[in-house]
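Enquirer: The structure under discussion is supplied below as structure tokens; questions concerning it will follow.
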Amino acid sequence: MLKFYHAPWSRASGVLWLLEELGQPYEIEIVDIRAEGGVPESYRSIQPNKKVPAISHDGTIVTERAAITIYLGDTFPEADLAPAVGDPARAAYLTWLVYCDSVFDPALSARAHGLEYRSNDYSFGLFEDMVANVERHLERNEFAAGDRFSAADTQLASAIAFTMNVIKVLPERPAFQAYLSRIVGREAYKRAQAKDFEMAKLFPALFARASG
């Protein structure tokens, strides 16, 4: 049994997309990360910081988006979403999965909250360097791991789409727009978007804020 701990319209949405790409049965347990009283303490047994996403696969719990993506891609190789060990594309695949969590997200969050710092102050470095790196990579490559779609794209494309088109912190770049255009037609992406939309309706304040 594969259980997915999720909050609609959150950092977990990329994993929802990945699950749709895998084509495996799974169940969703919604975690209200925006609840007035906070997430119940009991959830710490699943995710120590009471964050999403997390998964439980036959009793094995995995947290952190990069780890979840690597785990699922390797556990379900029939989906052909993860370059195998020994495949030259594996290096870029792992690099960009970890980059999304360790550089893209924190640099973006720092910029969104107006944090001023020097490059060496934090391990993720400068926002401008992150943007330039992602832009260079997508100018030279069709997808995160090279010339074919992989599970890494569920995380990178989700991050770019949200931060460029929704919260508008990531600057628009032709390379980013072209990359997303290669993604949004995927049926699994459409299914995930539709599911997230329906789940968001369960939280009227969230839905009204985002829709308005």
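Chains: A, B, ... in order of the structure tokens. Residues: from 1 per chain. Ligands: from 1, in order shown.
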Quick one: residues within 8 Å of region 98-102 of chain A, only C-alpha atoms, excluding same-chain residues fewer than 6 positions away - as a PyMOL selection string?
Expert: chain A and resi 65-66+124+155-156+159
Enquirer: Apply DSSP to the structure's backbone, then extract all residues of region 1-145 of chain A labelled strand (DSSP E) and return them as number ranges by chain.
Expert: A: 2-6, 27-30, 54-57, 60-63
Enquirer: If you keep N, CA and C atoms, can you produce a file of those selected residues as a short mmCIF file (atom, residue, chain, number, x, y, z; two decimals), in the first residue's frame?
Expert:
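Wrote selection.cif, looks like this:
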```
data_model
loop_
_atom_site.label_atom_id
_atom_site.label_comp_id
_atom_site.auth_asym_id
_atom_site.auth_seq_id
_atom_site.Cartn_x
_atom_site.Cartn_y
_atom_site.Cartn_z
N LEU A 2 0.53 2.19 -0.85
CA LEU A 2 1.24 3.44 -0.97
C LEU A 2 0.32 4.57 -0.50
N LYS A 3 0.72 5.21 0.60
CA LYS A 3 -0.07 6.31 1.15
C LYS A 3 0.72 7.61 0.99
N PHE A 4 0.02 8.64 0.55
CA PHE A 4 0.62 9.93 0.27
C PHE A 4 0.02 10.98 1.21
N TYR A 5 0.87 11.63 1.98
CA TYR A 5 0.45 12.69 2.89
C TYR A 5 0.62 14.01 2.15
N HIS A 6 -0.49 14.72 1.99
CA HIS A 6 -0.53 15.82 1.03
C HIS A 6 -1.35 17.00 1.55
N GLU A 27 -3.26 6.01 -2.04
CA GLU A 27 -4.31 6.74 -1.34
C GLU A 27 -3.73 8.02 -0.77
N ILE A 28 -4.58 9.02 -0.66
CA ILE A 28 -4.16 10.33 -0.18
C ILE A 28 -4.70 10.57 1.22
N GLU A 29 -3.84 10.99 2.10
CA GLU A 29 -4.27 11.50 3.40
C GLU A 29 -3.94 12.98 3.45
N ILE A 30 -4.97 13.80 3.51
CA ILE A 30 -4.77 15.24 3.50
C ILE A 30 -4.31 15.72 4.87
N ALA A 54 4.99 13.50 2.43
CA ALA A 54 5.58 12.29 2.99
C ALA A 54 4.84 11.12 2.36
N ILE A 55 5.48 9.98 2.32
CA ILE A 55 4.80 8.78 1.84
C ILE A 55 5.06 7.64 2.82
N SER A 56 4.15 6.70 2.81
CA SER A 56 4.34 5.43 3.52
C SER A 56 4.10 4.33 2.50
N HIS A 57 5.12 3.51 2.26
CA HIS A 57 5.02 2.44 1.28
C HIS A 57 5.22 1.11 1.99
N THR A 60 7.03 1.56 5.16
CA THR A 60 8.28 2.32 5.10
C THR A 60 7.95 3.78 4.83
N ILE A 61 8.37 4.66 5.72
CA ILE A 61 8.08 6.09 5.60
C ILE A 61 9.26 6.79 4.94
N VAL A 62 8.96 7.64 3.97
CA VAL A 62 9.97 8.45 3.30
C VAL A 62 9.50 9.89 3.32
N THR A 63 10.40 10.80 3.71
CA THR A 63 10.09 12.22 3.70
C THR A 63 11.11 12.96 2.83
#
```
Enquirer: To one decimal in Å, tell me the separation between CA of Gly73 (chain A) and CA of Ala151 (chain A).
Expert: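 Taking CA of Gly73 (chain A) as the start and CA of Ala151 (chain A) as the end point, the length is 6.6 Å.
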Enquirer: As an exercise, work out the distance from CA of Asn49 (chain A) to CA of Val15 (chain A) in Å and give it to one decimal place.
Expert: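 Calculated distance between CA of Asn49 (chain A) and CA of Val15 (chain A) is 17.9 Å.
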Enquirer: Looking only at alpha helix (DSSP H) from DSSP on the backbone, list the matching residues of chain A as a PyMOL selection string.
Expert: chain A and resi 13-22+65-75+89-99+105-112+127-140+151-161+174-181+187-200+204-211
Enquirer: Just checking: using only C-alpha atoms, which residue out of A:Asn133, A:Ser13, A:Ser119, A:Gln24 ends up closest to Tyr189 (chain A)?
Expert: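 Looking at the shortest contact to Tyr189 (chain A), the residue is A:Ser13.
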Enquirer: Mind checking which residues fall within 10 Å of Arg111 (chain A), counting only C-alpha atoms, ignoring those fewer than 2 positions away in the same chain, and posting them as a VMD selection string?
Expert: chain A and resid 105 to 109 113 to 116 126 to 128 169 to 170
Enquirer: Skip Val85 (chain A) itself and residues of its chain fewer than 4 positions away, then list as JSON, numbers by chain all residues within 12 Å of it, counting only C-alpha atoms.
Expert: {"A": [70, 73, 74, 77, 89, 90, 91, 92, 93, 94]}
Enquirer: Please produce a file of the residues just selected, as a PDB file, in the first residue's frame, where the atoms kept are N, CA and C atoms.
Expert:
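Contents of the output file again-v2.pdb:
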```pdb
ATOM      1  N   ILE A  70      13.312  10.012  -5.609  1.00  0.00           N
ATOM      2  CA  ILE A  70      14.308   8.977  -5.896  1.00  0.00           C
ATOM      3  C   ILE A  70      13.765   7.602  -5.516  1.00  0.00           C
ATOM      4  N   GLY A  73      10.917   6.550  -7.997  1.00  0.00           N
ATOM      5  CA  GLY A  73      11.437   6.267  -9.326  1.00  0.00           C
ATOM      6  C   GLY A  73      12.177   4.948  -9.389  1.00  0.00           C
ATOM      7  N   ASP A  74      12.925   4.634  -8.324  1.00  0.00           N
ATOM      8  CA  ASP A  74      13.690   3.389  -8.290  1.00  0.00           C
ATOM      9  C   ASP A  74      12.826   2.188  -7.910  1.00  0.00           C
ATOM     10  N   PRO A  77      10.485   0.881 -11.435  1.00  0.00           N
ATOM     11  CA  PRO A  77      11.264   1.137 -12.659  1.00  0.00           C
ATOM     12  C   PRO A  77      10.457   0.956 -13.940  1.00  0.00           C
ATOM     13  N   ALA A  89      22.760   9.629 -17.713  1.00  0.00           N
ATOM     14  CA  ALA A  89      21.762  10.641 -17.337  1.00  0.00           C
ATOM     15  C   ALA A  89      21.456  10.632 -15.846  1.00  0.00           C
ATOM     16  N   ARG A  90      21.886   9.581 -15.148  1.00  0.00           N
ATOM     17  CA  ARG A  90      21.609   9.481 -13.713  1.00  0.00           C
ATOM     18  C   ARG A  90      22.221  10.652 -12.937  1.00  0.00           C
ATOM     19  N   ALA A  91      23.383  11.120 -13.350  1.00  0.00           N
ATOM     20  CA  ALA A  91      24.057  12.204 -12.633  1.00  0.00           C
ATOM     21  C   ALA A  91      23.224  13.488 -12.661  1.00  0.00           C
ATOM     22  N   ALA A  92      22.764  13.872 -13.849  1.00  0.00           N
ATOM     23  CA  ALA A  92      21.936  15.079 -13.946  1.00  0.00           C
ATOM     24  C   ALA A  92      20.606  14.889 -13.232  1.00  0.00           C
ATOM     25  N   TYR A  93      20.055  13.699 -13.325  1.00  0.00           N
ATOM     26  CA  TYR A  93      18.791  13.381 -12.654  1.00  0.00           C
ATOM     27  C   TYR A  93      18.891  13.625 -11.153  1.00  0.00           C
ATOM     28  N   LEU A  94      19.906  13.061 -10.527  1.00  0.00           N
ATOM     29  CA  LEU A  94      20.081  13.231  -9.084  1.00  0.00           C
ATOM     30  C   LEU A  94      20.437  14.671  -8.740  1.00  0.00           C
TER      31      LEU A  94
END
```
Enquirer: Can you list every residue of region 6-42 of chain A that has an atom at most 12 Å from region 163-166 of chain A, with its nearest atom pair and the distance in Å to one decimal, using only C-alpha atoms, ordered by chain then number, as JSON lines?
Expert:
```
{"residue": "A:Trp9", "atom": "CA", "partner": "A:Val166", "partner_atom": "CA", "distance": 10.7}
{"residue": "A:Ser10", "atom": "CA", "partner": "A:Thr163", "partner_atom": "CA", "distance": 11.6}
{"residue": "A:Arg11", "atom": "CA", "partner": "A:Thr163", "partner_atom": "CA", "distance": 10.9}
```
Enquirer: Residues within 12 Å of Gly146 (chain A), please, as a list in words. Count only C-alpha atoms; anything in the same chain fewer than 5 positions from it doesn't count.
Expert: Ala82, Pro83, Asp87, Pro88, Ala89, Arg90, Ala91, Ala92, Tyr93, Leu94, Thr95, Trp96, His137, Leu138, Glu139, Arg140, Asn141, Ala152, Asp153 and Tyr179 of chain A
Enquirer: Rank nothing, just name the residue among A:Ala79, A:Ala175, A:Leu97, A:Leu72 nearest to Val134 (chain A), using only C-alpha atoms.
Expert: A:Ala175
Enquirer: Between CA of Pro40 (chain A) and CA of Pro53 (chain A), what distance in Å does the model show, to one decimal?
Expert: 15.3 Å
